[in-house]
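*Asks:* Can you keep this structure in mind? I'll have questions shortly.
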Amino acid sequence: MRKSDSHGRPKGKTLRRFLGLTPRAGEQARERQSHLLALRDALALLMPPRLSEPELLAQFCHLVLAQGVAQLAAIVRPDAEDHIDILALAGSRAVLTDLPHSSQADSPGGKTPLALAWREQRPFYSNPLFQNPSLQAWHRRLAAYGLRSTAVLPLTRRGRPWALLVLLQREEVDWPSDSQMLLESIARTLCGALDDWENETQQTLLGTGLMAAYESVVLTDAQRRVLYVNQSFQLMTGYGLEEVSRRGLRALQGPDTDVHELAIIDQALRDGHAYSGTILNYRRNGEPFWNHLSIVPVRDREGRIGHYVGIQRDISAEKDLMVQLEYESRHDRLTGLANRRALDDELEAVMARVDRYGTRLAACMIDLDHFKPINDLYGHDAGDHVLRVVARRLRDSLRRTDYVARLGGDEFVLLLEGFRTIDELEQLFLKLEATINETIALRNQQLVGVRLSMGVCIYPEHHARDAGELLRFADQALYQSKAYKQTRKRFWTYCDEIAATKTRSKPTPSGISQGLPS
């Protein structure tokens, strides 16, 4: 039975499995989490005692919108007569105006997310796939204003229910557990600041917390002059406050920093918008590192930008991992050669190049003869060793313009282009044969050897219409080469020779249907 909450929504991992989140959805979730982390750290800089409580609440709501966490942020409080008081708002007031509210669960006003969160004193998160029928009126109300998703979090003062934080999104999104945890952490931070508002030690406590933050934090004035950096910034970049204040944040830029991305940052800040993105920066010692950067403009009570808060996170390890994963997704793990996915992309590009320049391409499908006995007699480790040696010899025998891939097992594919005549192509085949036929020493010093069978399809002479057909014709020629390897004069067969070979000597049907030995 699927675990669910009181509103009939599956929880945690069960929900994520049910939703079948795509890599793109995972990327959006990570981006949303980055926005929430930036909001959390920016909130810590809005705590000086010169701000009044209404100013703090208003600035917090505007930060929510500036960071892209929601399209409407409000802090509301039900009063004794079941009316909704709006204490702070960023976004359209109309959606919350005259909103029915009741503490009674069976009344119409008691079936909104606000009433549920207030009555039960726990967060409410909508999900586009699991909408309670009793919330239909609420969803129709949101839809009228182009809004589709809701998050409502209770706010407490001194341990007692005080107000609700309301976040509304235009997109239909789920709220994964990590985002929920961050939102609830932000709500607790806000409540704690309000509780301790008159405490003179608040500034010291927040300053200490900011210095200890894992992400590096930079505070600048409206002219982007650095006023403050935390300890994480110094550890990440090697620059202290004095030096970075003197040199400016351009000190982090280097020869491979993307100037286009810098222009996007400048434009966003000139327009008064928040920025979130990835950029290559340089440490003080010259070492490059990838940095996920979020910049939030902070406005004064007149709405003018007075400061910018920058939150930076070193994502070099994540970048390296993505590069590694991309490499592994396109390369055979055993031999390091290109795999079928990379081959398909390369084949499309090569065929387009042949069409454009009027050249020729030979697609060669290779299978190793005598490989299976080696694998059976000496074990899979010996077989893997042989495959790695063959892969290396294939690479070393080919020209820099040629391409080699492993399909799996002992099957390889060569893409050879730029040859002028068939004689020139066959000279390359003979060189390949001589190299592959050399004995291979196993780790136990046992000498073994393999031979080649190969099918060749030449584009465009052999009339393959696309990449799939080109490989299929080459595979058919390989099959023919293996079928007649006892009597053939060379290890390769062209696909246009298949009919002629069949006429000269036709194998028994049973031999073909049972497969040919390696």
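By convention here, the chains of the structure tokens are called A, B, ... in the order presented, each chain's residues are numbered starting at 1, and ligands are numbered starting at 1 in the order presented.
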Please return as a ChimeraX atom specification: the residues of segment 396-487 of chain A that backbone DSSP assigns to alpha helix (DSSP H).

*Replies:* /A:396-397,422-436,467-483

*Asks:* Keeping only N, CA and C atoms, write the selected residues as a CSV table (one decimal), in the first residue's frame.

*Replies:*
chain,number,residue,atom,x,y,z
A,396,ASP,N,45.8,2.3,-33.0
A,396,ASP,CA,47.1,2.7,-33.4
A,396,ASP,C,47.3,2.4,-34.9
A,397,SER,N,46.5,1.5,-35.5
A,397,SER,CA,46.6,1.2,-36.9
A,397,SER,C,45.9,2.2,-37.8
A,422,ILE,N,39.8,2.2,-54.1
A,422,ILE,CA,39.6,0.9,-53.3
A,422,ILE,C,41.0,0.3,-53.0
A,423,ASP,N,42.0,0.4,-53.9
A,423,ASP,CA,43.3,-0.1,-53.5
A,423,ASP,C,43.9,0.6,-52.3
A,424,GLU,N,43.7,1.9,-52.2
A,424,GLU,CA,44.2,2.6,-51.0
A,424,GLU,C,43.5,2.1,-49.7
A,425,LEU,N,42.2,1.9,-49.8
A,425,LEU,CA,41.4,1.4,-48.7
A,425,LEU,C,41.9,0.0,-48.3
A,426,GLU,N,42.1,-0.9,-49.3
A,426,GLU,CA,42.5,-2.2,-49.0
A,426,GLU,C,43.9,-2.3,-48.4
A,427,GLN,N,44.8,-1.4,-48.8
A,427,GLN,CA,46.1,-1.3,-48.2
A,427,GLN,C,45.9,-1.1,-46.7
A,428,LEU,N,45.0,-0.2,-46.3
A,428,LEU,CA,44.7,0.0,-44.9
A,428,LEU,C,44.2,-1.2,-44.2
A,429,PHE,N,43.3,-2.0,-44.9
A,429,PHE,CA,42.9,-3.3,-44.4
A,429,PHE,C,44.0,-4.2,-44.1
A,430,LEU,N,45.0,-4.3,-45.0
A,430,LEU,CA,46.1,-5.3,-44.9
A,430,LEU,C,47.0,-4.9,-43.7
A,431,LYS,N,47.2,-3.6,-43.6
A,431,LYS,CA,48.0,-3.1,-42.4
A,431,LYS,C,47.3,-3.4,-41.1
A,432,LEU,N,46.0,-3.3,-41.1
A,432,LEU,CA,45.1,-3.6,-40.0
A,432,LEU,C,45.3,-5.1,-39.6
A,433,GLU,N,45.2,-5.9,-40.7
A,433,GLU,CA,45.3,-7.4,-40.5
A,433,GLU,C,46.6,-7.8,-39.9
A,434,ALA,N,47.7,-7.2,-40.4
A,434,ALA,CA,49.0,-7.6,-39.9
A,434,ALA,C,49.2,-7.2,-38.4
A,435,THR,N,48.6,-6.1,-38.0
A,435,THR,CA,48.7,-5.6,-36.6
A,435,THR,C,47.9,-6.5,-35.7
A,436,ILE,N,46.7,-6.8,-36.1
A,436,ILE,CA,45.8,-7.6,-35.2
A,436,ILE,C,46.3,-9.0,-35.1
A,467,ALA,N,22.1,6.0,-41.9
A,467,ALA,CA,23.1,5.4,-41.0
A,467,ALA,C,22.7,4.0,-40.6
A,468,GLY,N,21.4,3.8,-40.3
A,468,GLY,CA,21.0,2.5,-39.9
A,468,GLY,C,21.2,1.4,-41.0
A,469,GLU,N,20.8,1.8,-42.2
A,469,GLU,CA,21.0,0.9,-43.3
A,469,GLU,C,22.4,0.6,-43.6
A,470,LEU,N,23.3,1.6,-43.5
A,470,LEU,CA,24.7,1.5,-43.7
A,470,LEU,C,25.3,0.4,-42.8
A,471,LEU,N,25.0,0.5,-41.5
A,471,LEU,CA,25.5,-0.5,-40.6
A,471,LEU,C,24.8,-1.9,-40.8
A,472,ARG,N,23.6,-1.9,-41.2
A,472,ARG,CA,22.9,-3.2,-41.5
A,472,ARG,C,23.6,-3.9,-42.7
A,473,PHE,N,23.9,-3.1,-43.7
A,473,PHE,CA,24.5,-3.7,-44.9
A,473,PHE,C,25.9,-4.2,-44.5
A,474,ALA,N,26.6,-3.5,-43.7
A,474,ALA,CA,28.0,-3.9,-43.3
A,474,ALA,C,27.9,-5.2,-42.5
A,475,ASP,N,26.8,-5.3,-41.6
A,475,ASP,CA,26.6,-6.4,-40.8
A,475,ASP,C,26.3,-7.7,-41.6
A,476,GLN,N,25.5,-7.5,-42.7
A,476,GLN,CA,25.2,-8.6,-43.6
A,476,GLN,C,26.5,-9.1,-44.3
A,477,ALA,N,27.3,-8.1,-44.7
A,477,ALA,CA,28.6,-8.5,-45.3
A,477,ALA,C,29.5,-9.3,-44.3
A,478,LEU,N,29.5,-8.8,-43.1
A,478,LEU,CA,30.3,-9.5,-42.0
A,478,LEU,C,29.8,-11.0,-41.9
A,479,TYR,N,28.5,-11.1,-41.8
A,479,TYR,CA,27.9,-12.5,-41.7
A,479,TYR,C,28.4,-13.4,-42.9
A,480,GLN,N,28.4,-12.8,-44.1
A,480,GLN,CA,28.8,-13.5,-45.2
A,480,GLN,C,30.3,-13.9,-45.1
A,481,SER,N,31.1,-12.9,-44.6
A,481,SER,CA,32.6,-13.2,-44.5
A,481,SER,C,32.8,-14.3,-43.5
A,482,LYS,N,32.1,-14.4,-42.4
A,482,LYS,CA,32.3,-15.4,-41.4
A,482,LYS,C,31.8,-16.8,-42.0
A,483,ALA,N,30.7,-16.7,-42.8
A,483,ALA,CA,30.2,-18.0,-43.3
A,483,ALA,C,31.2,-18.7,-44.2

*Asks:* Please list as a PDB file with C-alpha atoms, in the first residue's frame every residue within 6 Å of segment 360-366 of chain A, counting only C-alpha atoms and excluding residues in the same chain fewer than 3 positions away.

*Replies:*
ATOM      1  CA  VAL A 354      30.505  12.934 -47.314  1.00  0.00           C
ATOM      2  CA  GLU A 411      32.270  -6.628 -32.273  1.00  0.00           C
ATOM      3  CA  PHE A 412      33.852  -3.393 -33.448  1.00  0.00           C
ATOM      4  CA  VAL A 413      32.981  -0.779 -36.065  1.00  0.00           C
ATOM      5  CA  LEU A 414      35.406   1.304 -38.125  1.00  0.00           C
ATOM      6  CA  LEU A 415      34.458   4.455 -40.035  1.00  0.00           C
ATOM      7  CA  LEU A 416      37.089   5.185 -42.695  1.00  0.00           C
ATOM      8  CA  GLU A 417      36.848   8.256 -44.917  1.00  0.00           C
ATOM      9  CA  SER A 453      36.262 -11.153 -40.100  1.00  0.00           C
ATOM     10  CA  MET A 454      34.902  -7.940 -41.576  1.00  0.00           C
ATOM     11  CA  GLY A 455      31.967  -6.701 -43.597  1.00  0.00           C
ATOM     12  CA  VAL A 456      32.307  -3.437 -45.514  1.00  0.00           C
ATOM     13  CA  CYS A 457      29.678  -1.079 -46.900  1.00  0.00           C
ATOM     14  CA  ILE A 458      30.870   1.945 -48.869  1.00  0.00           C
ATOM     15  CA  TYR A 459      28.768   5.077 -48.911  1.00  0.00           C
ATOM     16  CA  ALA A 474      27.981  -3.910 -43.305  1.00  0.00           C
ATOM     17  CA  ASP A 475      26.646  -6.434 -40.774  1.00  0.00           C
TER      18      ASP A 475
END

*Asks:* Enter the distance from atom CA of Ala88 of chain A to atom CA of His62 of chain A, in Å, rounded to one decimal.

*Replies:*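 Straight-line distance from atom CA of Ala88 of chain A to atom CA of His62 of chain A works out to 9.4 Å.
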
*Asks:* Could you give me, as JSON, numbers by chain, the residues within 6 Å of segment 147-160 of chain A, counting only C-alpha atoms and dropping anything in the same chain fewer than 5 positions from it?

*Replies:* {"A": [121, 123, 124, 125, 126, 142, 165, 166, 167, 168, 169, 170, 171, 172, 195]}

*Asks:* Calculated over only C-alpha atoms, which of the candidates A:Arg122, A:Arg250, A:Arg283, A:Arg301 has the smallest distance to Asp314 of chain A?

*Replies:*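 Between A:Arg122, A:Arg250, A:Arg283, A:Arg301, the residue approaching Asp314 of chain A most closely is A:Arg283.
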